[in-house]
file work27.csv (CSV, N, CA and C atoms)
chain,number,residue,atom,x,y,z
A,1,MET,N,94.8,82.4,83.3
A,1,MET,CA,95.1,83.8,83.3
A,1,MET,C,94.5,84.4,84.6
A,2,ALA,N,95.3,85.0,85.4
A,2,ALA,CA,94.9,85.6,86.7
A,2,ALA,C,94.2,87.0,86.4
A,3,LEU,N,93.2,87.3,87.1
A,3,LEU,CA,92.6,88.6,87.0
A,3,LEU,C,93.4,89.7,87.7
A,4,HIS,N,93.7,90.7,86.9
A,4,HIS,CA,94.5,91.8,87.5
A,4,HIS,C,93.7,92.6,88.6
A,5,GLU,N,92.3,92.5,88.5
A,5,GLU,CA,91.6,93.3,89.5
A,5,GLU,C,91.8,92.8,90.9
A,6,ASN,N,92.2,91.5,91.0
A,6,ASN,CA,92.4,90.9,92.4
A,6,ASN,C,93.8,91.2,92.9
A,7,LEU,N,94.7,91.8,92.1
A,7,LEU,CA,96.1,92.1,92.6
A,7,LEU,C,96.1,93.3,93.5
A,8,PRO,N,96.7,93.2,94.7
A,8,PRO,CA,96.8,94.3,95.6
A,8,PRO,C,97.5,95.5,95.0
A,9,ILE,N,98.5,95.2,94.2
A,9,ILE,CA,99.2,96.3,93.5
A,9,ILE,C,98.3,97.1,92.5
A,10,TYR,N,97.5,96.3,91.8
A,10,TYR,CA,96.6,96.9,90.9
A,10,TYR,C,95.6,97.8,91.6
A,11,LYS,N,95.0,97.2,92.7
A,11,LYS,CA,94.0,98.0,93.5
A,11,LYS,C,94.6,99.3,94.0
A,12,ARG,N,95.8,99.2,94.5
A,12,ARG,CA,96.5,100.4,95.1
A,12,ARG,C,96.8,101.5,94.0
A,13,ALA,N,97.3,101.0,92.8
A,13,ALA,CA,97.6,101.8,91.7
A,13,ALA,C,96.3,102.5,91.2
A,14,LEU,N,95.2,101.7,91.1
A,14,LEU,CA,93.9,102.3,90.7
A,14,LEU,C,93.4,103.4,91.6
A,15,ASP,N,93.5,103.1,92.9
A,15,ASP,CA,93.1,104.1,93.9
A,15,ASP,C,93.9,105.4,93.8
A,16,LEU,N,95.2,105.2,93.5
A,16,LEU,CA,96.1,106.4,93.4
A,16,LEU,C,95.7,107.2,92.1
A,17,ALA,N,95.5,106.5,91.0
A,17,ALA,CA,95.1,107.1,89.7
A,17,ALA,C,93.8,107.9,89.9
A,18,VAL,N,92.8,107.3,90.6
A,18,VAL,CA,91.6,108.0,90.8
A,18,VAL,C,91.8,109.2,91.7
A,19,TYR,N,92.6,109.0,92.8
A,19,TYR,CA,92.9,110.1,93.7
A,19,TYR,C,93.5,111.3,92.9
A,20,PHE,N,94.5,111.0,92.0
A,20,PHE,CA,95.1,112.1,91.2
A,20,PHE,C,94.0,112.8,90.3
A,21,GLU,N,93.1,112.0,89.7
A,21,GLU,CA,92.1,112.6,88.9
A,21,GLU,C,91.3,113.6,89.7
A,22,LYS,N,91.0,113.2,91.0
A,22,LYS,CA,90.2,114.1,91.8
A,22,LYS,C,90.9,115.4,92.3
A,23,ILE,N,92.2,115.2,92.7
A,23,ILE,CA,92.9,116.4,93.3
A,23,ILE,C,93.4,117.3,92.2
A,24,VAL,N,93.7,116.8,91.1
A,24,VAL,CA,94.3,117.7,90.0
A,24,VAL,C,93.2,118.8,89.6
A,25,LYS,N,92.0,118.4,89.7
A,25,LYS,CA,90.9,119.4,89.4
A,25,LYS,C,91.1,120.7,90.2
A,26,ASN,N,91.6,120.6,91.4
A,26,ASN,CA,91.8,121.7,92.3
A,26,ASN,C,93.1,122.5,92.2
A,27,PHE,N,94.0,122.0,91.3
A,27,PHE,CA,95.3,122.6,91.1
A,27,PHE,C,95.0,124.0,90.3
A,28,SER,N,95.9,124.9,90.4
A,28,SER,CA,95.8,126.1,89.7
A,28,SER,C,95.9,125.7,88.2
A,29,ARG,N,95.4,126.6,87.3
A,29,ARG,CA,95.4,126.3,85.9
A,29,ARG,C,96.8,125.9,85.4
A,30,TYR,N,97.8,126.7,85.8
A,30,TYR,CA,99.1,126.4,85.3
A,30,TYR,C,99.5,125.0,85.7
A,31,HIS,N,99.4,124.6,87.0
A,31,HIS,CA,99.8,123.3,87.5
A,31,HIS,C,98.9,122.2,87.1
A,32,LYS,N,97.6,122.5,86.8
A,32,LYS,CA,96.7,121.5,86.3
A,32,LYS,C,97.2,120.9,85.0
A,33,TYR,N,97.7,121.8,84.1
A,33,TYR,CA,98.1,121.3,82.8
A,33,TYR,C,99.6,121.0,82.7
A,34,THR,N,100.3,121.1,83.7
A,34,THR,CA,101.7,120.8,83.7
A,34,THR,C,101.9,119.5,84.6
A,35,VAL,N,102.2,119.8,85.8
A,35,VAL,CA,102.5,118.6,86.7
A,35,VAL,C,101.2,117.8,87.0
A,36,GLY,N,100.1,118.4,86.9
A,36,GLY,CA,98.8,117.6,87.1
A,36,GLY,C,98.6,116.6,86.0
A,37,THR,N,98.9,117.0,84.8
A,37,THR,CA,98.8,116.1,83.7
A,37,THR,C,99.8,115.0,83.8
A,38,GLU,N,101.0,115.4,84.3
A,38,GLU,CA,102.0,114.4,84.5
A,38,GLU,C,101.6,113.3,85.5
A,39,LEU,N,101.1,113.8,86.6
A,39,LEU,CA,100.6,112.8,87.7
A,39,LEU,C,99.6,111.9,87.1
A,40,ARG,N,98.6,112.5,86.4
A,40,ARG,CA,97.5,111.6,85.9
A,40,ARG,C,98.1,110.6,84.9
A,41,ASN,N,98.9,111.1,83.9
A,41,ASN,CA,99.4,110.2,82.9
A,41,ASN,C,100.3,109.1,83.5
A,42,LEU,N,101.2,109.5,84.4
A,42,LEU,CA,102.1,108.4,84.9
A,42,LEU,C,101.3,107.4,85.7
A,43,SER,N,100.4,107.8,86.5
A,43,SER,CA,99.6,106.9,87.3
A,43,SER,C,98.8,105.9,86.4
A,44,ARG,N,98.3,106.4,85.3
A,44,ARG,CA,97.6,105.5,84.3
A,44,ARG,C,98.5,104.6,83.6
A,45,GLU,N,99.7,105.1,83.3
A,45,GLU,CA,100.7,104.3,82.7
A,45,GLU,C,101.1,103.1,83.6
A,46,ILE,N,101.3,103.4,84.9
A,46,ILE,CA,101.7,102.4,85.8
A,46,ILE,C,100.6,101.3,85.9
A,47,LEU,N,99.4,101.8,85.9
A,47,LEU,CA,98.2,100.9,86.0
A,47,LEU,C,98.2,99.9,84.8
A,48,THR,N,98.4,100.5,83.6
A,48,THR,CA,98.4,99.7,82.4
A,48,THR,C,99.6,98.7,82.4
A,49,LEU,N,100.8,99.2,82.8
A,49,LEU,CA,101.9,98.3,82.9
A,49,LEU,C,101.7,97.1,83.8
A,50,ILE,N,101.0,97.4,84.9
A,50,ILE,CA,100.7,96.3,85.9
A,50,ILE,C,99.8,95.2,85.2
A,51,VAL,N,98.8,95.7,84.5
A,51,VAL,CA,98.0,94.7,83.7
A,51,VAL,C,98.8,94.0,82.7
A,52,LYS,N,99.7,94.6,82.0
A,52,LYS,CA,100.5,94.0,81.0
A,52,LYS,C,101.5,93.0,81.7
A,53,ALA,N,102.0,93.3,82.8
A,53,ALA,CA,102.9,92.4,83.5
A,53,ALA,C,102.2,91.2,84.0
A,54,ASN,N,100.9,91.4,84.4
A,54,ASN,CA,100.1,90.2,84.9
A,54,ASN,C,99.8,89.3,83.7
A,55,LEU,N,99.6,89.8,82.6
A,55,LEU,CA,99.3,89.0,81.4
A,55,LEU,C,100.5,88.4,80.7
A,56,ALA,N,101.7,88.9,81.0
A,56,ALA,CA,102.9,88.5,80.3
A,56,ALA,C,103.4,87.1,80.8
A,57,LYS,N,103.9,86.4,79.9
A,57,LYS,CA,104.5,85.1,80.3
A,57,LYS,C,105.8,85.4,81.1
A,58,ASP,N,106.7,86.3,80.5
A,58,ASP,CA,107.9,86.7,81.2
A,58,ASP,C,107.6,88.1,81.8
A,59,LYS,N,107.3,88.1,83.1
A,59,LYS,CA,106.8,89.4,83.7
A,59,LYS,C,108.0,90.4,84.1
A,60,LYS,N,109.2,89.9,84.1
A,60,LYS,CA,110.3,90.7,84.6
A,60,LYS,C,110.5,92.0,83.8
A,61,GLU,N,110.4,91.9,82.5
A,61,GLU,CA,110.6,93.1,81.7
A,61,GLU,C,109.5,94.2,82.0
A,62,ALA,N,108.3,93.7,82.0
A,62,ALA,CA,107.2,94.6,82.3
A,62,ALA,C,107.3,95.2,83.7
A,63,LEU,N,107.7,94.4,84.7
A,63,LEU,CA,107.9,94.9,86.1
A,63,LEU,C,109.0,95.9,86.2
A,64,LEU,N,110.1,95.7,85.4
A,64,LEU,CA,111.1,96.7,85.3
A,64,LEU,C,110.7,98.0,84.8
A,65,LYS,N,109.7,98.0,83.8
A,65,LYS,CA,109.1,99.2,83.3
A,65,LYS,C,108.2,99.9,84.3
A,66,VAL,N,107.5,99.1,85.1
A,66,VAL,CA,106.7,99.6,86.2
A,66,VAL,C,107.6,100.3,87.2
A,67,ARG,N,108.8,99.7,87.5
A,67,ARG,CA,109.7,100.3,88.4
A,67,ARG,C,110.2,101.7,87.9
A,68,GLU,N,110.5,101.8,86.6
A,68,GLU,CA,110.9,103.0,86.0
A,68,GLU,C,109.9,104.1,86.1
A,69,LYS,N,108.6,103.8,85.8
A,69,LYS,CA,107.5,104.7,85.8
A,69,LYS,C,107.2,105.2,87.3
A,70,ILE,N,107.4,104.2,88.2
A,70,ILE,CA,107.2,104.6,89.6
A,70,ILE,C,108.2,105.6,90.1
A,71,GLU,N,109.4,105.5,89.6
A,71,GLU,CA,110.5,106.5,90.0
A,71,GLU,C,110.1,107.8,89.4
A,72,GLU,N,109.7,107.8,88.2
A,72,GLU,CA,109.2,109.1,87.5
A,72,GLU,C,108.1,109.7,88.3
A,73,LEU,N,107.2,108.9,88.8
A,73,LEU,CA,106.0,109.4,89.5
A,73,LEU,C,106.5,110.0,90.9
A,74,LYS,N,107.4,109.3,91.5
A,74,LYS,CA,108.0,109.8,92.8
A,74,LYS,C,108.5,111.2,92.6
A,75,ILE,N,109.3,111.4,91.6
A,75,ILE,CA,109.9,112.7,91.3
A,75,ILE,C,108.8,113.7,91.1
A,76,SER,N,107.8,113.4,90.3
A,76,SER,CA,106.7,114.4,90.0
A,76,SER,C,106.0,114.7,91.3
A,77,VAL,N,105.7,113.8,92.2
A,77,VAL,CA,105.1,114.1,93.4
A,77,VAL,C,105.9,115.0,94.3
A,78,LYS,N,107.2,114.7,94.3
A,78,LYS,CA,108.1,115.6,95.1
A,78,LYS,C,108.2,117.0,94.6
A,79,ILE,N,108.2,117.1,93.2
A,79,ILE,CA,108.2,118.4,92.6
A,79,ILE,C,106.9,119.2,93.0
A,80,CYS,N,105.8,118.5,93.0
A,80,CYS,CA,104.5,119.1,93.4
A,80,CYS,C,104.6,119.6,94.8
A,81,LYS,N,105.2,118.8,95.7
A,81,LYS,CA,105.3,119.3,97.0
A,81,LYS,C,106.2,120.6,97.1
A,82,GLU,N,107.3,120.5,96.4
A,82,GLU,CA,108.2,121.7,96.5
A,82,GLU,C,107.6,123.0,95.9
A,83,VAL,N,106.8,122.9,94.9
A,83,VAL,CA,106.2,124.1,94.3
A,83,VAL,C,104.8,124.4,94.9
A,84,LYS,N,104.5,123.6,96.0
A,84,LYS,CA,103.3,123.8,96.8
A,84,LYS,C,102.0,123.7,96.0
A,85,VAL,N,101.9,122.6,95.2
A,85,VAL,CA,100.8,122.3,94.4
A,85,VAL,C,99.7,121.7,95.2
A,86,PHE,N,100.1,120.8,96.2
A,86,PHE,CA,99.1,120.1,97.0
A,86,PHE,C,98.5,121.1,98.0
A,87,ARG,N,97.2,121.0,98.2
A,87,ARG,CA,96.5,121.9,99.1
A,87,ARG,C,96.9,121.7,100.5
A,88,SER,N,97.3,120.5,100.9
A,88,SER,CA,97.7,120.2,102.2
A,88,SER,C,98.8,119.2,102.3
A,89,PHE,N,99.5,119.2,103.4
A,89,PHE,CA,100.6,118.2,103.6
A,89,PHE,C,100.0,116.8,103.5
A,90,LYS,N,98.8,116.6,104.0
A,90,LYS,CA,98.1,115.3,104.0
A,90,LYS,C,97.9,114.8,102.6
A,91,SER,N,97.6,115.6,101.7
A,91,SER,CA,97.5,115.2,100.3
A,91,SER,C,98.8,114.7,99.7
A,92,PHE,N,99.9,115.5,100.0
A,92,PHE,CA,101.2,115.0,99.6
A,92,PHE,C,101.5,113.7,100.3
A,93,GLU,N,101.3,113.6,101.6
A,93,GLU,CA,101.6,112.4,102.3
A,93,GLU,C,100.9,111.2,101.8
A,94,TYR,N,99.6,111.3,101.5
A,94,TYR,CA,98.9,110.2,100.9
A,94,TYR,C,99.5,109.8,99.6
A,95,SER,N,99.8,110.8,98.8
A,95,SER,CA,100.3,110.5,97.4
A,95,SER,C,101.7,109.7,97.5
A,96,ILE,N,102.6,110.3,98.3
A,96,ILE,CA,103.9,109.7,98.3
A,96,ILE,C,103.9,108.3,99.0
A,97,ARG,N,103.1,108.2,100.1
A,97,ARG,CA,102.9,106.8,100.7
A,97,ARG,C,102.4,105.8,99.7
A,98,SER,N,101.4,106.2,98.9
A,98,SER,CA,100.8,105.3,98.0
A,98,SER,C,101.8,104.9,96.9
A,99,VAL,N,102.6,105.8,96.4
A,99,VAL,CA,103.6,105.5,95.4
A,99,VAL,C,104.7,104.6,96.0
A,100,ILE,N,105.1,104.8,97.3
A,100,ILE,CA,106.1,104.0,97.9
A,100,ILE,C,105.5,102.6,98.1
A,101,ASN,N,104.2,102.5,98.5
A,101,ASN,CA,103.6,101.2,98.7
A,101,ASN,C,103.5,100.4,97.4
A,102,ILE,N,103.2,101.1,96.3
A,102,ILE,CA,103.2,100.4,95.0
A,102,ILE,C,104.6,100.0,94.6
A,103,ALA,N,105.6,100.8,94.9
A,103,ALA,CA,107.0,100.4,94.6
A,103,ALA,C,107.4,99.2,95.4
A,104,LYS,N,107.0,99.1,96.6
A,104,LYS,CA,107.3,97.9,97.4
A,104,LYS,C,106.7,96.7,96.9
A,105,GLN,N,105.4,96.8,96.5
A,105,GLN,CA,104.7,95.6,96.0
A,105,GLN,C,105.3,95.2,94.7
A,106,ASN,N,105.7,96.2,93.9
A,106,ASN,CA,106.4,95.8,92.6
A,106,ASN,C,107.7,95.1,92.8
A,107,GLU,N,108.5,95.6,93.8
A,107,GLU,CA,109.8,95.0,94.1
A,107,GLU,C,109.6,93.6,94.6
A,108,GLY,N,108.5,93.4,95.4
A,108,GLY,CA,108.2,92.0,95.9
A,108,GLY,C,107.9,91.1,94.7
A,109,TRP,N,107.1,91.6,93.8
A,109,TRP,CA,106.7,90.8,92.6
A,109,TRP,C,107.9,90.5,91.8
A,110,LEU,N,108.7,91.5,91.6
A,110,LEU,CA,109.9,91.3,90.8
A,110,LEU,C,110.9,90.3,91.4
A,111,LYS,N,111.0,90.4,92.7
A,111,LYS,CA,111.8,89.4,93.5
A,111,LYS,C,111.3,88.0,93.3
A,112,SER,N,110.0,87.9,93.4
A,112,SER,CA,109.4,86.5,93.2
A,112,SER,C,109.6,86.0,91.8
A,113,GLN,N,109.7,86.9,90.8
A,113,GLN,CA,110.0,86.5,89.4
A,113,GLN,C,111.4,86.0,89.3
A,114,ASN,N,112.3,86.7,90.0
A,114,ASN,CA,113.7,86.4,89.9
A,114,ASN,C,114.0,85.0,90.6
A,115,GLN,N,113.3,84.8,91.7
A,115,GLN,CA,113.5,83.5,92.4
A,115,GLN,C,112.9,82.4,91.6
A,116,GLY,N,111.8,82.7,91.0
A,116,GLY,CA,111.2,81.6,90.1
A,116,GLY,C,112.0,81.2,89.0
A,117,SER,N,112.8,82.2,88.4
A,117,SER,CA,113.6,81.8,87.3
A,117,SER,C,114.9,81.1,87.7
A,118,LEU,N,115.2,81.2,89.0
A,118,LEU,CA,116.4,80.5,89.5
A,118,LEU,C,116.1,79.0,89.8
A,119,GLY,N,114.9,78.7,90.2
A,119,GLY,CA,114.5,77.4,90.6
A,119,GLY,C,114.0,76.5,89.6
call {"tool": "encode", "arguments": {"input": "work27.csv", "output": "structure tokens"}}
result
Amino acid sequence: MALHENLPIYKRALDLAVYFEKIVKNFSRYHKYTVGTELRNLSREILTLIVKANLAKDKKEALLKVREKIEELKISVKICKEVKVFRSFKSFEYSIRSVINIAKQNEGWLKSQNQGSLG
């Protein structure tokens, strides 16, 4: 059983979840309890699904769930930008780049699972 703590995707997802925990504190009350809660919950769900995927014998199904949650998180981050929840563009930029990086890593992992099942 491989340790999930050593996975680059896990490390990046954990960093993003911690980042959201920190920045949501500075959101307005309304946004803290709406989109802020959504950012926090989705980032934690993604982290949990990554651990489940790593433990699963057939990782494909879990990785497809990770993909779905990443897309939801992308939408939430973009909504936050549009309603000006982030205090700076830098904060949005870090968030969206992190989500995209996690998505790329997930797609690479998914692709390796597909190739493994072909061979």
call {"tool": "closest_residue", "arguments": {"input": "work27.csv", "among": "A:Val51, A:Leu64, A:Ala17, A:Ile9", "to": "A:Leu110", "atoms": "only N, CA and C atoms"}}
result
A:Leu64
call {"tool": "atom_distance", "arguments": {"input": "work27.csv", "atom1": "atom C of A:Asp58", "atom2": "atom CA of A:Asn41"}}
result
23.6 Å
call {"tool": "select_by_dssp", "arguments": {"input": "work27.csv", "residues": "stretch 19-71 of chain A", "states": "alpha helix (DSSP H)", "output": "PyMOL selection string"}}
result
chain A and resi 19-24+29-33+35-55+59-71
call {"tool": "write_last_selection", "arguments": {"input": "work27.csv", "atoms": "N, CA and C atoms", "output": "short mmCIF file (atom, residue, chain, number, x, y, z; two decimals), in the coordinates of the input"}}
result
data_model
loop_
_atom_site.label_atom_id
_atom_site.label_comp_id
_atom_site.auth_asym_id
_atom_site.auth_seq_id
_atom_site.Cartn_x
_atom_site.Cartn_y
_atom_site.Cartn_z
N TYR A 19 92.60 109.00 92.80
CA TYR A 19 92.90 110.10 93.70
C TYR A 19 93.50 111.30 92.90
N PHE A 20 94.50 111.00 92.00
CA PHE A 20 95.10 112.10 91.20
C PHE A 20 94.00 112.80 90.30
N GLU A 21 93.10 112.00 89.70
CA GLU A 21 92.10 112.60 88.90
C GLU A 21 91.30 113.60 89.70
N LYS A 22 91.00 113.20 91.00
CA LYS A 22 90.20 114.10 91.80
C LYS A 22 90.90 115.40 92.30
N ILE A 23 92.20 115.20 92.70
CA ILE A 23 92.90 116.40 93.30
C ILE A 23 93.40 117.30 92.20
N VAL A 24 93.70 116.80 91.10
CA VAL A 24 94.30 117.70 90.00
C VAL A 24 93.20 118.80 89.60
N ARG A 29 95.40 126.60 87.30
CA ARG A 29 95.40 126.30 85.90
C ARG A 29 96.80 125.90 85.40
N TYR A 30 97.80 126.70 85.80
CA TYR A 30 99.10 126.40 85.30
C TYR A 30 99.50 125.00 85.70
N HIS A 31 99.40 124.60 87.00
CA HIS A 31 99.80 123.30 87.50
C HIS A 31 98.90 122.20 87.10
N LYS A 32 97.60 122.50 86.80
CA LYS A 32 96.70 121.50 86.30
C LYS A 32 97.20 120.90 85.00
N TYR A 33 97.70 121.80 84.10
CA TYR A 33 98.10 121.30 82.80
C TYR A 33 99.60 121.00 82.70
N VAL A 35 102.20 119.80 85.80
CA VAL A 35 102.50 118.60 86.70
C VAL A 35 101.20 117.80 87.00
N GLY A 36 100.10 118.40 86.90
CA GLY A 36 98.80 117.60 87.10
C GLY A 36 98.60 116.60 86.00
N THR A 37 98.90 117.00 84.80
CA THR A 37 98.80 116.10 83.70
C THR A 37 99.80 115.00 83.80
N GLU A 38 101.00 115.40 84.30
CA GLU A 38 102.00 114.40 84.50
C GLU A 38 101.60 113.30 85.50
N LEU A 39 101.10 113.80 86.60
CA LEU A 39 100.60 112.80 87.70
C LEU A 39 99.60 111.90 87.10
N ARG A 40 98.60 112.50 86.40
CA ARG A 40 97.50 111.60 85.90
C ARG A 40 98.10 110.60 84.90
N ASN A 41 98.90 111.10 83.90
CA ASN A 41 99.40 110.20 82.90
C ASN A 41 100.30 109.10 83.50
N LEU A 42 101.20 109.50 84.40
CA LEU A 42 102.10 108.40 84.90
C LEU A 42 101.30 107.40 85.70
N SER A 43 100.40 107.80 86.50
CA SER A 43 99.60 106.90 87.30
C SER A 43 98.80 105.90 86.40
N ARG A 44 98.30 106.40 85.30
CA ARG A 44 97.60 105.50 84.30
C ARG A 44 98.50 104.60 83.60
N GLU A 45 99.70 105.10 83.30
CA GLU A 45 100.70 104.30 82.70
C GLU A 45 101.10 103.10 83.60
N ILE A 46 101.30 103.40 84.90
CA ILE A 46 101.70 102.40 85.80
C ILE A 46 100.60 101.30 85.90
N LEU A 47 99.40 101.80 85.90
CA LEU A 47 98.20 100.90 86.00
C LEU A 47 98.20 99.90 84.80
N THR A 48 98.40 100.50 83.60
CA THR A 48 98.40 99.70 82.40
C THR A 48 99.60 98.70 82.40
N LEU A 49 100.80 99.20 82.80
CA LEU A 49 101.90 98.30 82.90
C LEU A 49 101.70 97.10 83.80
N ILE A 50 101.00 97.40 84.90
CA ILE A 50 100.70 96.30 85.90
C ILE A 50 99.80 95.20 85.20
N VAL A 51 98.80 95.70 84.50
CA VAL A 51 98.00 94.70 83.70
C VAL A 51 98.80 94.00 82.70
N LYS A 52 99.70 94.60 82.00
CA LYS A 52 100.50 94.00 81.00
C LYS A 52 101.50 93.00 81.70
N ALA A 53 102.00 93.30 82.80
CA ALA A 53 102.90 92.40 83.50
C ALA A 53 102.20 91.20 84.00
N ASN A 54 100.90 91.40 84.40
CA ASN A 54 100.10 90.20 84.90
C ASN A 54 99.80 89.30 83.70
N LEU A 55 99.60 89.80 82.60
CA LEU A 55 99.30 89.00 81.40
C LEU A 55 100.50 88.40 80.70
N LYS A 59 107.30 88.10 83.10
CA LYS A 59 106.80 89.40 83.70
C LYS A 59 108.00 90.40 84.10
N LYS A 60 109.20 89.90 84.10
CA LYS A 60 110.30 90.70 84.60
C LYS A 60 110.50 92.00 83.80
N GLU A 61 110.40 91.90 82.50
CA GLU A 61 110.60 93.10 81.70
C GLU A 61 109.50 94.20 82.00
N ALA A 62 108.30 93.70 82.00
CA ALA A 62 107.20 94.60 82.30
C ALA A 62 107.30 95.20 83.70
N LEU A 63 107.70 94.40 84.70
CA LEU A 63 107.90 94.90 86.10
C LEU A 63 109.00 95.90 86.20
N LEU A 64 110.10 95.70 85.40
CA LEU A 64 111.10 96.70 85.30
C LEU A 64 110.70 98.00 84.80
N LYS A 65 109.70 98.00 83.80
CA LYS A 65 109.10 99.20 83.30
C LYS A 65 108.20 99.90 84.30
N VAL A 66 107.50 99.10 85.10
CA VAL A 66 106.70 99.60 86.20
C VAL A 66 107.60 100.30 87.20
N ARG A 67 108.80 99.70 87.50
CA ARG A 67 109.70 100.30 88.40
C ARG A 67 110.20 101.70 87.90
N GLU A 68 110.50 101.80 86.60
CA GLU A 68 110.90 103.00 86.00
C GLU A 68 109.90 104.10 86.10
N LYS A 69 108.60 103.80 85.80
CA LYS A 69 107.50 104.70 85.80
C LYS A 69 107.20 105.20 87.30
N ILE A 70 107.40 104.20 88.20
CA ILE A 70 107.20 104.60 89.60
C ILE A 70 108.20 105.60 90.10
N GLU A 71 109.40 105.50 89.60
CA GLU A 71 110.50 106.50 90.00
C GLU A 71 110.10 107.80 89.40
#
call {"tool": "closest_residue", "arguments": {"input": "work27.csv", "among": "A:Leu14, A:Lys111, A:Asn6, A:Asn26", "to": "A:Ser88", "atoms": "only C-alpha atoms"}}
result
A:Asn26
call {"tool": "closest_residue", "arguments": {"input": "work27.csv", "among": "A:Glu5, A:Glu93, A:Glu72, A:Glu107", "to": "A:Glu45", "atoms": "only C-alpha atoms"}}
result
A:Glu72
call {"tool": "closest_residue", "arguments": {"input": "work27.csv", "among": "A:Ser76, A:Val85, A:Ala13, A:Tyr30", "to": "A:Arg44", "atoms": "only N, CA and C atoms"}}
result
A:Ala13
call {"tool": "atom_distance", "arguments": {"input": "work27.csv", "atom1": "atom N of A:Leu16", "atom2": "atom C of A:Ala53"}}
result
18.3 Å
call {"tool": "atom_distance", "arguments": {"input": "work27.csv", "atom1": "atom CA of A:Tyr94", "atom2": "atom CA of A:Lys59"}}
result
28.1 Å
call {"tool": "closest_residue", "arguments": {"input": "work27.csv", "among": "A:Lys57, A:Arg87, A:Arg67, A:Lys81", "to": "A:Lys104", "atoms": "only C-alpha atoms"}}
result
A:Arg67
call {"tool": "closest_residue", "arguments": {"input": "work27.csv", "among": "A:Val83, A:Leu42, A:Leu49, A:Val77", "to": "A:Ser95", "atoms": "only C-alpha atoms"}}
result
A:Val77
